[in-house]
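Dropping run21.csv in here (CSV, N, CA and C atoms):
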```csv
chain,number,residue,atom,x,y,z
A,1,MET,N,7.8,-14.0,2.6
A,1,MET,CA,9.2,-13.8,2.9
A,1,MET,C,9.8,-12.9,1.8
A,2,THR,N,8.9,-12.2,1.0
A,2,THR,CA,9.4,-11.4,0.0
A,2,THR,C,10.3,-10.3,0.5
A,3,GLY,N,10.1,-9.8,1.7
A,3,GLY,CA,10.9,-8.7,2.2
A,3,GLY,C,12.2,-9.1,2.7
A,4,ALA,N,12.6,-10.4,2.8
A,4,ALA,CA,13.8,-10.9,3.3
A,4,ALA,C,15.0,-10.3,2.5
A,5,ALA,N,14.9,-10.3,1.2
A,5,ALA,CA,16.0,-9.8,0.4
A,5,ALA,C,16.1,-8.3,0.6
A,6,LEU,N,15.0,-7.5,0.7
A,6,LEU,CA,15.1,-6.1,1.0
A,6,LEU,C,15.7,-5.9,2.4
A,7,ALA,N,15.4,-6.7,3.4
A,7,ALA,CA,15.9,-6.5,4.7
A,7,ALA,C,17.5,-6.7,4.6
A,8,ALA,N,17.9,-7.7,3.9
A,8,ALA,CA,19.3,-8.0,3.8
A,8,ALA,C,20.0,-6.8,3.1
A,9,LEU,N,19.4,-6.2,2.1
A,9,LEU,CA,20.0,-5.1,1.4
A,9,LEU,C,20.1,-3.9,2.3
A,10,LEU,N,19.1,-3.6,3.1
A,10,LEU,CA,19.1,-2.5,4.0
A,10,LEU,C,20.1,-2.7,5.1
A,11,GLU,N,20.2,-3.9,5.6
A,11,GLU,CA,21.2,-4.2,6.6
A,11,GLU,C,22.6,-3.9,6.1
A,12,ALA,N,22.8,-4.3,4.9
A,12,ALA,CA,24.1,-4.1,4.3
A,12,ALA,C,24.5,-2.6,4.2
A,13,GLN,N,23.5,-1.7,4.2
A,13,GLN,CA,23.7,-0.3,4.1
A,13,GLN,C,23.7,0.3,5.5
A,14,GLY,N,23.6,-0.5,6.6
A,14,GLY,CA,23.8,0.0,7.9
A,14,GLY,C,22.5,0.2,8.7
A,15,TYR,N,21.3,-0.2,8.1
A,15,TYR,CA,20.1,0.0,8.8
A,15,TYR,C,19.8,-1.2,9.7
A,16,ASP,N,19.2,-0.9,10.8
A,16,ASP,CA,18.8,-2.0,11.7
A,16,ASP,C,17.4,-2.5,11.3
A,17,PHE,N,17.4,-3.6,10.6
A,17,PHE,CA,16.1,-4.1,10.1
A,17,PHE,C,15.6,-5.3,10.9
A,18,ARG,N,16.1,-5.4,12.2
A,18,ARG,CA,15.7,-6.5,13.0
A,18,ARG,C,15.2,-5.9,14.3
A,19,PRO,N,14.1,-5.1,14.3
A,19,PRO,CA,13.6,-4.5,15.6
A,19,PRO,C,13.1,-5.6,16.6
A,20,ALA,N,13.5,-5.4,17.8
A,20,ALA,CA,13.2,-6.4,18.8
A,20,ALA,C,11.7,-6.5,19.1
A,21,ASN,N,10.9,-5.5,18.7
A,21,ASN,CA,9.5,-5.5,19.0
A,21,ASN,C,8.7,-5.9,17.8
A,22,LEU,N,9.3,-6.5,16.7
A,22,LEU,CA,8.6,-7.0,15.6
A,22,LEU,C,8.1,-8.4,15.8
A,23,THR,N,6.8,-8.6,15.6
A,23,THR,CA,6.3,-10.0,15.6
A,23,THR,C,5.5,-10.2,14.3
A,24,HIS,N,5.9,-11.2,13.6
A,24,HIS,CA,5.3,-11.5,12.3
A,24,HIS,C,4.6,-12.9,12.4
A,25,VAL,N,3.3,-12.9,12.2
A,25,VAL,CA,2.5,-14.1,12.3
A,25,VAL,C,2.0,-14.5,10.9
A,26,ALA,N,2.4,-15.7,10.4
A,26,ALA,CA,1.9,-16.1,9.1
A,26,ALA,C,1.0,-17.3,9.3
A,27,PHE,N,-0.2,-17.2,8.8
A,27,PHE,CA,-1.2,-18.3,8.8
A,27,PHE,C,-1.0,-19.1,7.5
A,28,ASP,N,-0.6,-20.4,7.6
A,28,ASP,CA,-0.3,-21.2,6.4
A,28,ASP,C,-1.1,-22.4,6.4
A,29,ASN,N,-1.9,-22.6,5.3
A,29,ASN,CA,-2.7,-23.8,5.1
A,29,ASN,C,-2.0,-24.7,4.1
A,30,ALA,N,-0.8,-24.4,3.7
A,30,ALA,CA,0.0,-25.2,2.7
A,30,ALA,C,-0.6,-25.4,1.4
A,31,LEU,N,-1.5,-24.4,1.0
A,31,LEU,CA,-2.2,-24.5,-0.3
A,31,LEU,C,-2.1,-23.2,-1.0
A,32,TYR,N,-2.2,-23.3,-2.3
A,32,TYR,CA,-2.4,-22.1,-3.2
A,32,TYR,C,-3.9,-22.0,-3.5
A,33,GLY,N,-4.6,-21.4,-2.6
A,33,GLY,CA,-6.1,-21.4,-2.7
A,33,GLY,C,-6.6,-20.6,-3.9
A,34,SER,N,-5.9,-19.6,-4.4
A,34,SER,CA,-6.4,-18.8,-5.5
A,34,SER,C,-6.2,-19.5,-6.8
A,35,THR,N,-5.5,-20.6,-6.9
A,35,THR,CA,-5.3,-21.3,-8.1
A,35,THR,C,-5.7,-22.7,-8.1
A,36,GLY,N,-6.7,-23.0,-7.2
A,36,GLY,CA,-7.2,-24.4,-7.2
A,36,GLY,C,-6.8,-25.2,-6.1
A,37,SER,N,-6.2,-24.7,-5.1
A,37,SER,CA,-5.7,-25.4,-3.9
A,37,SER,C,-4.6,-26.4,-4.1
A,38,GLN,N,-3.7,-26.1,-5.0
A,38,GLN,CA,-2.5,-27.0,-5.2
A,38,GLN,C,-1.7,-26.8,-3.9
A,39,ALA,N,-0.9,-27.9,-3.7
A,39,ALA,CA,0.0,-27.9,-2.5
A,39,ALA,C,1.1,-26.9,-2.7
A,40,SER,N,1.4,-26.2,-1.6
A,40,SER,CA,2.5,-25.2,-1.7
A,40,SER,C,3.8,-25.9,-1.2
A,41,PRO,N,4.9,-25.3,-1.5
A,41,PRO,CA,6.2,-25.9,-1.0
A,41,PRO,C,6.3,-25.8,0.5
A,42,SER,N,5.5,-25.1,1.2
A,42,SER,CA,5.6,-25.0,2.7
A,42,SER,C,5.2,-26.3,3.3
A,43,ARG,N,4.6,-27.2,2.6
A,43,ARG,CA,4.4,-28.6,3.1
A,43,ARG,C,5.7,-29.3,3.4
A,44,ALA,N,6.7,-29.0,2.6
A,44,ALA,CA,8.0,-29.7,2.8
A,44,ALA,C,9.0,-28.9,3.6
A,45,VAL,N,8.9,-27.5,3.5
A,45,VAL,CA,9.8,-26.7,4.2
A,45,VAL,C,9.0,-25.6,4.9
A,46,GLY,N,9.1,-25.7,6.2
A,46,GLY,CA,8.3,-24.8,7.1
A,46,GLY,C,8.8,-23.3,6.9
A,47,LEU,N,7.9,-22.4,6.8
A,47,LEU,CA,8.2,-21.0,6.7
A,47,LEU,C,9.0,-20.5,7.9
A,48,HIS,N,8.9,-21.1,9.0
A,48,HIS,CA,9.6,-20.7,10.2
A,48,HIS,C,11.1,-21.0,10.0
A,49,HIS,N,11.4,-22.1,9.3
A,49,HIS,CA,12.9,-22.3,9.0
A,49,HIS,C,13.4,-21.2,8.1
A,50,LEU,N,12.7,-20.8,7.1
A,50,LEU,CA,13.1,-19.7,6.3
A,50,LEU,C,13.3,-18.4,7.1
A,51,ALA,N,12.3,-18.2,8.0
A,51,ALA,CA,12.4,-17.0,8.8
A,51,ALA,C,13.7,-17.0,9.7
A,52,ARG,N,14.0,-18.1,10.3
A,52,ARG,CA,15.2,-18.3,11.1
A,52,ARG,C,16.5,-18.0,10.2
A,53,ALA,N,16.5,-18.5,9.0
A,53,ALA,CA,17.6,-18.3,8.1
A,53,ALA,C,17.7,-16.8,7.6
A,54,ALA,N,16.5,-16.1,7.6
A,54,ALA,CA,16.5,-14.7,7.2
A,54,ALA,C,16.9,-13.8,8.4
A,55,GLY,N,17.1,-14.3,9.6
A,55,GLY,CA,17.6,-13.5,10.6
A,55,GLY,C,16.6,-13.2,11.8
A,56,TYR,N,15.5,-13.8,11.8
A,56,TYR,CA,14.6,-13.7,12.9
A,56,TYR,C,15.2,-14.3,14.1
A,57,ALA,N,15.2,-13.6,15.3
A,57,ALA,CA,15.8,-14.1,16.5
A,57,ALA,C,15.0,-15.3,17.0
A,58,ARG,N,13.7,-15.3,16.8
A,58,ARG,CA,12.8,-16.3,17.3
A,58,ARG,C,12.0,-16.8,16.1
A,59,ALA,N,11.8,-18.1,15.9
A,59,ALA,CA,11.0,-18.6,14.8
A,59,ALA,C,10.4,-19.9,15.3
A,60,ILE,N,9.1,-20.0,15.3
A,60,ILE,CA,8.4,-21.1,15.8
A,60,ILE,C,7.2,-21.5,15.0
A,61,ALA,N,6.8,-22.7,15.0
A,61,ALA,CA,5.6,-23.2,14.3
A,61,ALA,C,4.7,-23.7,15.4
A,62,VAL,N,3.4,-23.3,15.3
A,62,VAL,CA,2.4,-23.7,16.2
A,62,VAL,C,1.2,-24.3,15.5
A,63,ALA,N,0.4,-25.1,16.2
A,63,ALA,CA,-0.7,-25.8,15.5
A,63,ALA,C,-2.0,-25.8,16.3
A,64,GLY,N,-2.2,-24.8,17.0
A,64,GLY,CA,-3.5,-24.7,17.8
A,64,GLY,C,-3.6,-23.3,18.5
A,65,ALA,N,-4.8,-23.0,18.9
A,65,ALA,CA,-5.1,-21.7,19.5
A,65,ALA,C,-4.3,-21.5,20.8
A,66,ASP,N,-4.2,-22.5,21.6
A,66,ASP,CA,-3.4,-22.4,22.9
A,66,ASP,C,-1.9,-22.1,22.6
A,67,GLU,N,-1.4,-22.9,21.6
A,67,GLU,CA,0.0,-22.7,21.2
A,67,GLU,C,0.3,-21.3,20.6
A,68,LEU,N,-0.7,-20.9,19.8
A,68,LEU,CA,-0.6,-19.6,19.2
A,68,LEU,C,-0.6,-18.5,20.2
A,69,HIS,N,-1.5,-18.6,21.2
A,69,HIS,CA,-1.6,-17.6,22.2
A,69,HIS,C,-0.3,-17.5,23.0
A,70,ALA,N,0.3,-18.7,23.4
A,70,ALA,CA,1.5,-18.7,24.1
A,70,ALA,C,2.7,-18.1,23.3
A,71,ALA,N,2.7,-18.4,22.0
A,71,ALA,CA,3.8,-17.9,21.2
A,71,ALA,C,3.7,-16.4,21.0
A,72,VAL,N,2.5,-15.9,20.8
A,72,VAL,CA,2.3,-14.4,20.7
A,72,VAL,C,2.7,-13.8,22.0
A,73,ALA,N,2.3,-14.3,23.2
A,73,ALA,CA,2.7,-13.7,24.5
A,73,ALA,C,4.2,-13.7,24.6
A,74,ALA,N,4.9,-14.8,24.3
A,74,ALA,CA,6.3,-14.8,24.4
A,74,ALA,C,7.0,-13.8,23.5
A,75,ALA,N,6.4,-13.7,22.2
A,75,ALA,CA,7.0,-12.7,21.3
A,75,ALA,C,6.8,-11.3,21.8
A,76,VAL,N,5.7,-11.0,22.3
A,76,VAL,CA,5.4,-9.6,22.8
A,76,VAL,C,6.2,-9.3,24.0
A,77,ALA,N,6.6,-10.3,24.7
A,77,ALA,CA,7.5,-10.1,25.9
A,77,ALA,C,8.9,-9.6,25.5
A,78,GLY,N,9.3,-9.8,24.3
A,78,GLY,CA,10.5,-9.2,23.8
A,78,GLY,C,11.5,-10.3,23.3
A,79,GLY,N,12.6,-9.8,22.9
A,79,GLY,CA,13.7,-10.6,22.4
A,79,GLY,C,13.5,-11.0,20.9
A,80,GLY,N,12.8,-10.2,20.2
A,80,GLY,CA,12.6,-10.4,18.7
A,80,GLY,C,13.7,-9.9,17.9
A,81,PRO,N,13.5,-9.8,16.6
A,81,PRO,CA,12.2,-10.0,16.0
A,81,PRO,C,11.7,-11.5,16.0
A,82,SER,N,10.4,-11.7,16.0
A,82,SER,CA,9.8,-13.0,16.1
A,82,SER,C,9.0,-13.4,14.9
A,83,PHE,N,9.0,-14.6,14.5
A,83,PHE,CA,8.2,-15.1,13.5
A,83,PHE,C,7.4,-16.3,14.0
A,84,ILE,N,6.1,-16.3,13.8
A,84,ILE,CA,5.3,-17.4,14.3
A,84,ILE,C,4.5,-17.9,13.1
A,85,LEU,N,4.8,-19.2,12.8
A,85,LEU,CA,4.0,-19.9,11.7
A,85,LEU,C,2.9,-20.6,12.4
A,86,ALA,N,1.7,-20.2,12.1
A,86,ALA,CA,0.5,-20.8,12.6
A,86,ALA,C,-0.1,-21.7,11.5
A,87,ARG,N,0.1,-23.0,11.7
A,87,ARG,CA,-0.4,-24.0,10.7
A,87,ARG,C,-1.9,-24.1,10.9
A,88,VAL,N,-2.6,-24.0,9.8
A,88,VAL,CA,-4.1,-24.0,9.8
A,88,VAL,C,-4.6,-25.0,8.8
A,89,THR,N,-5.8,-25.4,8.9
A,89,THR,CA,-6.4,-26.4,8.0
A,89,THR,C,-6.7,-25.7,6.6
A,90,GLY,N,-6.8,-26.5,5.6
A,90,GLY,CA,-7.1,-25.9,4.3
A,90,GLY,C,-8.6,-26.0,4.0
A,91,GLU,N,-9.4,-26.5,5.0
A,91,GLU,CA,-10.8,-26.6,4.9
A,91,GLU,C,-11.4,-25.2,4.9
A,92,GLU,N,-12.4,-24.9,4.0
A,92,GLU,CA,-13.0,-23.6,4.0
A,92,GLU,C,-14.3,-23.7,4.9
A,93,GLN,N,-14.5,-22.7,5.7
A,93,GLN,CA,-15.7,-22.6,6.6
A,93,GLN,C,-16.5,-21.4,6.2
A,94,PRO,N,-17.8,-21.4,6.3
A,94,PRO,CA,-18.6,-20.2,6.1
A,94,PRO,C,-18.2,-19.2,7.1
A,95,ALA,N,-18.1,-18.0,6.6
A,95,ALA,CA,-17.8,-16.8,7.5
A,95,ALA,C,-18.7,-15.7,7.2
A,96,PRO,N,-19.1,-15.0,8.3
A,96,PRO,CA,-20.0,-13.8,8.1
A,96,PRO,C,-19.3,-12.7,7.3
A,97,ARG,N,-20.0,-11.9,6.7
A,97,ARG,CA,-19.5,-10.7,6.0
A,97,ARG,C,-19.0,-9.7,7.0
A,98,ILE,N,-17.9,-9.1,6.8
A,98,ILE,CA,-17.3,-8.1,7.7
A,98,ILE,C,-18.2,-6.8,7.5
A,99,PRO,N,-18.7,-6.3,8.6
A,99,PRO,CA,-19.6,-5.2,8.5
A,99,PRO,C,-18.9,-3.8,8.5
A,100,CYS,N,-17.7,-3.8,8.2
A,100,CYS,CA,-16.9,-2.5,8.2
A,100,CYS,C,-16.4,-2.2,6.7
A,101,SER,N,-16.3,-1.0,6.4
A,101,SER,CA,-15.7,-0.6,5.1
A,101,SER,C,-14.2,-0.8,5.2
A,102,PRO,N,-13.5,-0.9,4.0
A,102,PRO,CA,-12.1,-0.9,4.0
A,102,PRO,C,-11.5,0.3,4.8
A,103,GLU,N,-12.1,1.4,4.7
A,103,GLU,CA,-11.5,2.6,5.3
A,103,GLU,C,-11.7,2.5,6.9
A,104,GLU,N,-12.8,1.9,7.3
A,104,GLU,CA,-13.0,1.7,8.8
A,104,GLU,C,-12.0,0.7,9.3
A,105,ILE,N,-11.7,-0.3,8.5
A,105,ILE,CA,-10.7,-1.3,9.0
A,105,ILE,C,-9.4,-0.7,9.0
A,106,ARG,N,-9.0,0.1,8.0
A,106,ARG,CA,-7.7,0.8,8.0
A,106,ARG,C,-7.6,1.7,9.2
A,107,ASP,N,-8.6,2.5,9.5
A,107,ASP,CA,-8.5,3.4,10.6
A,107,ASP,C,-8.5,2.7,12.0
A,108,ARG,N,-9.2,1.6,12.1
A,108,ARG,CA,-9.1,0.9,13.4
A,108,ARG,C,-7.8,0.3,13.6
A,109,PHE,N,-7.2,-0.2,12.5
A,109,PHE,CA,-5.8,-0.8,12.6
A,109,PHE,C,-4.8,0.3,13.0
A,110,ARG,N,-4.9,1.4,12.3
A,110,ARG,CA,-4.0,2.5,12.6
A,110,ARG,C,-4.1,3.0,14.0
A,111,SER,N,-5.4,3.1,14.4
A,111,SER,CA,-5.6,3.6,15.8
A,111,SER,C,-5.0,2.6,16.8
A,112,GLY,N,-5.2,1.3,16.6
A,112,GLY,CA,-4.7,0.3,17.4
A,112,GLY,C,-3.1,0.3,17.5
A,113,CYS,N,-2.5,0.8,16.4
A,113,CYS,CA,-1.1,0.9,16.4
A,113,CYS,C,-0.6,2.2,16.9
A,114,GLY,N,-1.5,3.1,17.3
A,114,GLY,CA,-1.1,4.4,17.8
A,114,GLY,C,-0.9,5.4,16.7
A,115,ALA,N,-1.2,5.1,15.5
A,115,ALA,CA,-1.0,6.0,14.4
A,115,ALA,C,-2.3,6.9,14.2
A,116,ALA,N,-2.1,8.1,13.6
A,116,ALA,CA,-3.2,8.9,13.3
A,116,ALA,C,-4.1,8.3,12.2
A,117,THR,N,-5.4,8.5,12.3
A,117,THR,CA,-6.2,8.1,11.2
A,117,THR,C,-6.3,9.1,10.1
A,118,SER,N,-6.7,8.7,9.0
A,118,SER,CA,-6.8,9.6,7.8
A,118,SER,C,-8.2,9.5,7.2
A,119,THR,N,-8.7,10.6,6.7
A,119,THR,CA,-10.0,10.6,6.1
A,119,THR,C,-9.8,10.5,4.6
A,120,ARG,N,-8.6,10.4,4.1
A,120,ARG,CA,-8.2,10.3,2.7
A,120,ARG,C,-8.7,8.9,2.2
A,121,THR,N,-9.3,8.8,1.1
A,121,THR,CA,-9.7,7.6,0.5
A,121,THR,C,-8.6,7.1,-0.5
A,122,PRO,N,-8.4,5.8,-0.6
A,122,PRO,CA,-7.4,5.2,-1.5
A,122,PRO,C,-7.8,5.5,-3.0
A,123,ARG,N,-6.8,5.6,-3.8
A,123,ARG,CA,-7.1,5.9,-5.3
A,123,ARG,C,-7.6,4.7,-6.0
```
Could I get this file's structure written as structure tokens?
Amino acid sequence: MTGAALAALLEAQGYDFRPANLTHVAFDNALYGSTGSQASPSRAVGLHHLARAAGYARAIAVAGADELHAAVAAAVAGGGPSFILARVTGEEQPAPRIPCSPEEIRDRFRSGCGAATSTRTPR
């Protein structure tokens, strides 16, 4: 939610920072994994409540694949901006290595968004 303050500042300057086609999905395991898996404040205050307070037209918490699918479908149908909090487990599972380079991932993402791909490499 670090962008909430920036969004408020831009809105104060007359920018529309609440596009109806914006869907923000946050996967939250309620842990700070990089520092030893301490509990995060999101255990007590759901991020979807913060999103609603920040001006999202829709803010919902889901806890399963079927609920997530339905929430994304509703968000894509319109009436946003939408925020979906997907509550996930803190358990770690083995995962295969991603067989794509960072540049390939970037280009696939950009292509999926309709943006032009670039052959430029990051610094």
Quick one: contact table of range 62-115 of chain A to range 47-55 of chain A, 8 Å max, nearest atom pair and distance in Å to one decimal per residue, counting all atoms listed in the file, chain and number order, as JSON lines?
```
{"residue": "A:Gly80", "atom": "C", "partner": "A:Gly55", "partner_atom": "C", "distance": 7.5}
{"residue": "A:Pro81", "atom": "N", "partner": "A:Gly55", "partner_atom": "C", "distance": 6.6}
{"residue": "A:Ser82", "atom": "N", "partner": "A:Gly55", "partner_atom": "C", "distance": 7.6}
{"residue": "A:Phe83", "atom": "C", "partner": "A:His48", "partner_atom": "CA", "distance": 6.2}
{"residue": "A:Ile84", "atom": "C", "partner": "A:His48", "partner_atom": "CA", "distance": 6.5}
{"residue": "A:Leu85", "atom": "N", "partner": "A:His48", "partner_atom": "CA", "distance": 5.7}
{"residue": "A:Ala86", "atom": "N", "partner": "A:His48", "partner_atom": "N", "distance": 7.9}
```
Find the distance between atom C of Pro19 in chain A and atom C of Ala57 in chain A and write it in Å to one decimal. 9.9 Å
Among chain A, which residues does DSSP mark as strand (DSSP E or B) when it is run on the backbone? Keep the chain and numbering as in the structure and answer as number ranges by chain. A: 23-28, 31-32, 38-39, 58-62, 82-87
Interatomic distance between CA of Tyr15 in chain A and CA of Tyr56 in chain A?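 Separation between CA of Tyr15 in chain A and CA of Tyr56 in chain A: 15.3 Å.
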Looking only at the backbone, which of the residues in range 24-111 of chain A does DSSP tag as helix (DSSP H, G or I), as an MDAnalysis selection string? chainID A and resid 33:35 41:43 47:54 65:76 102:111
